[in-house]
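Participant: Structure below; questions to follow.
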Amino acid sequence: LQAVIDAWAKCPEGGSAQKAEEILNHLRSPVSSTKPNIYHYNSVITAWARSKEKGAPQKAESLLLEMEADYNDGVIEVKPNAVSYSCVIDAWAKSEEKQAPKRALHILEHMRNLYFEKRDEDVKP
């Protein structure tokens, strides 16, 4: 399924990021025998970063925050890494939204706080 998510992530068609996220959501469902890994999540975040659709950076950030919360709550074993945060920063950087610079900086600061306060090497900027 990773290859299918990647294919949608690289597709320039409108709606492709949503298709990639639908596959991820299937993997996240209790009926799936395959559980999502960091590559699945990061590929979908990348799909949103590449998307020119309205609200794409918010979708990328929302997925990152869901992953972070689910990991912290013990729902999933996959935690965001530096690539996850960088892809969301990239999504904001590519957007033309007014709050983009502030949101990108906020994500970077959050990433740095995780690294310096929790000594989480996986999120080292």
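Labels used: A, B, ... for chains in the order of the structure tokens, numbers from 1 for residues in each chain, and numbers from 1 for ligands as shown.
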Could you write out, as a PyMOL selection string, all the residues of chain A that DSSP marks as alpha helix (DSSP H)?

Facilitator: chain A and resi 2-10+16-28+38-50+56-72+82-94+100-118

Participant: Keeping C-alpha atoms, export the residues of the selection given above as an mmCIF file, in the first residue's frame.

Facilitator:
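This went into part_1.cif:
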data_model
loop_
_atom_site.group_PDB
_atom_site.id
_atom_site.type_symbol
_atom_site.label_atom_id
_atom_site.label_comp_id
_atom_site.auth_asym_id
_atom_site.auth_seq_id
_atom_site.Cartn_x
_atom_site.Cartn_y
_atom_site.Cartn_z
ATOM 1 C CA GLN A 2 2.971 2.302 0.468
ATOM 2 C CA ALA A 3 3.519 2.400 -3.295
ATOM 3 C CA VAL A 4 -0.113 3.370 -3.871
ATOM 4 C CA ILE A 5 0.077 6.153 -1.282
ATOM 5 C CA ASP A 6 3.308 7.376 -2.916
ATOM 6 C CA ALA A 7 1.665 7.319 -6.347
ATOM 7 C CA TRP A 8 -1.185 9.491 -5.093
ATOM 8 C CA ALA A 9 1.289 11.748 -3.275
ATOM 9 C CA LYS A 10 3.122 12.398 -6.547
ATOM 10 C CA SER A 16 -4.898 13.124 -4.925
ATOM 11 C CA ALA A 17 -3.826 14.025 -1.381
ATOM 12 C CA GLN A 18 -7.312 13.145 -0.159
ATOM 13 C CA LYS A 19 -7.055 9.760 -1.915
ATOM 14 C CA ALA A 20 -3.709 9.119 -0.206
ATOM 15 C CA GLU A 21 -5.235 10.016 3.153
ATOM 16 C CA GLU A 22 -8.178 7.680 2.535
ATOM 17 C CA ILE A 23 -5.737 4.779 2.170
ATOM 18 C CA LEU A 24 -4.008 5.820 5.398
ATOM 19 C CA ASN A 25 -7.382 6.011 7.145
ATOM 20 C CA HIS A 26 -8.160 2.481 5.987
ATOM 21 C CA LEU A 27 -4.839 1.318 7.487
ATOM 22 C CA ARG A 28 -5.743 3.091 10.719
ATOM 23 C CA ILE A 38 5.982 6.306 9.636
ATOM 24 C CA TYR A 39 6.407 6.055 5.854
ATOM 25 C CA HIS A 40 2.637 5.891 5.334
ATOM 26 C CA TYR A 41 2.060 8.947 7.503
ATOM 27 C CA ASN A 42 4.938 10.950 6.030
ATOM 28 C CA SER A 43 3.853 10.137 2.479
ATOM 29 C CA VAL A 44 0.369 11.476 3.161
ATOM 30 C CA ILE A 45 1.763 14.596 4.840
ATOM 31 C CA THR A 46 3.982 15.044 1.764
ATOM 32 C CA ALA A 47 0.925 14.623 -0.476
ATOM 33 C CA TRP A 48 -0.739 17.518 1.337
ATOM 34 C CA ALA A 49 2.481 19.552 1.122
ATOM 35 C CA ARG A 50 2.531 19.061 -2.670
ATOM 36 C CA ALA A 56 -3.705 21.675 2.306
ATOM 37 C CA PRO A 57 -1.222 22.948 4.927
ATOM 38 C CA GLN A 58 -3.902 22.736 7.612
ATOM 39 C CA LYS A 59 -4.596 19.122 6.577
ATOM 40 C CA ALA A 60 -0.873 18.291 6.771
ATOM 41 C CA GLU A 61 -0.572 19.888 10.207
ATOM 42 C CA SER A 62 -3.755 18.252 11.420
ATOM 43 C CA LEU A 63 -2.483 14.813 10.440
ATOM 44 C CA LEU A 64 0.822 15.499 12.221
ATOM 45 C CA LEU A 65 -1.004 16.554 15.394
ATOM 46 C CA GLU A 66 -3.282 13.490 15.223
ATOM 47 C CA MET A 67 -0.258 11.230 14.874
ATOM 48 C CA GLU A 68 1.468 12.960 17.775
ATOM 49 C CA ALA A 69 -1.614 12.725 20.027
ATOM 50 C CA ASP A 70 -2.317 9.095 19.102
ATOM 51 C CA TYR A 71 1.289 8.164 19.868
ATOM 52 C CA ASN A 72 1.267 10.017 23.195
ATOM 53 C CA ALA A 82 12.001 15.087 11.820
ATOM 54 C CA VAL A 83 10.700 14.283 8.334
ATOM 55 C CA SER A 84 7.100 14.515 9.567
ATOM 56 C CA TYR A 85 7.625 17.989 11.010
ATOM 57 C CA SER A 86 9.715 19.150 8.034
ATOM 58 C CA CYS A 87 6.998 18.093 5.592
ATOM 59 C CA VAL A 88 4.442 20.175 7.486
ATOM 60 C CA ILE A 89 6.814 23.152 7.507
ATOM 61 C CA ASP A 90 7.196 22.615 3.746
ATOM 62 C CA ALA A 91 3.411 22.565 3.324
ATOM 63 C CA TRP A 92 3.148 25.937 5.041
ATOM 64 C CA ALA A 93 6.133 27.327 3.113
ATOM 65 C CA LYS A 94 4.501 26.436 -0.217
ATOM 66 C CA ALA A 100 1.961 30.501 6.730
ATOM 67 C CA PRO A 101 5.199 32.008 8.134
ATOM 68 C CA LYS A 102 3.847 31.988 11.698
ATOM 69 C CA ARG A 103 2.547 28.413 11.394
ATOM 70 C CA ALA A 104 5.848 27.180 9.920
ATOM 71 C CA LEU A 105 7.788 28.864 12.721
ATOM 72 C CA HIS A 106 5.411 27.419 15.313
ATOM 73 C CA ILE A 107 6.022 23.884 13.993
ATOM 74 C CA LEU A 108 9.788 24.448 14.004
ATOM 75 C CA GLU A 109 9.699 25.767 17.577
ATOM 76 C CA HIS A 110 7.589 22.807 18.674
ATOM 77 C CA MET A 111 10.068 20.456 17.025
ATOM 78 C CA ARG A 112 12.996 22.173 18.738
ATOM 79 C CA ASN A 113 11.213 22.010 22.103
ATOM 80 C CA LEU A 114 10.678 18.277 21.708
ATOM 81 C CA TYR A 115 14.334 17.838 20.887
ATOM 82 C CA PHE A 116 15.796 20.044 23.624
ATOM 83 C CA GLU A 117 13.288 19.348 26.414
ATOM 84 C CA LYS A 118 12.669 15.643 25.840
#

Participant: Smallest atom-to-atom distance to Asn81 in chain A: which of A:Gly55, A:Gly14, A:Pro36, A:Pro125, using only C-alpha atoms?

Facilitator: A:Pro125

Participant: Using only C-alpha atoms, which residue out of A:Lys79, A:Arg119, A:Lys54, A:Lys124 lies closest to Ser95 in chain A?

Facilitator: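 Once distances to Ser95 in chain A are computed over only C-alpha atoms, the minimum belongs to A:Lys54.
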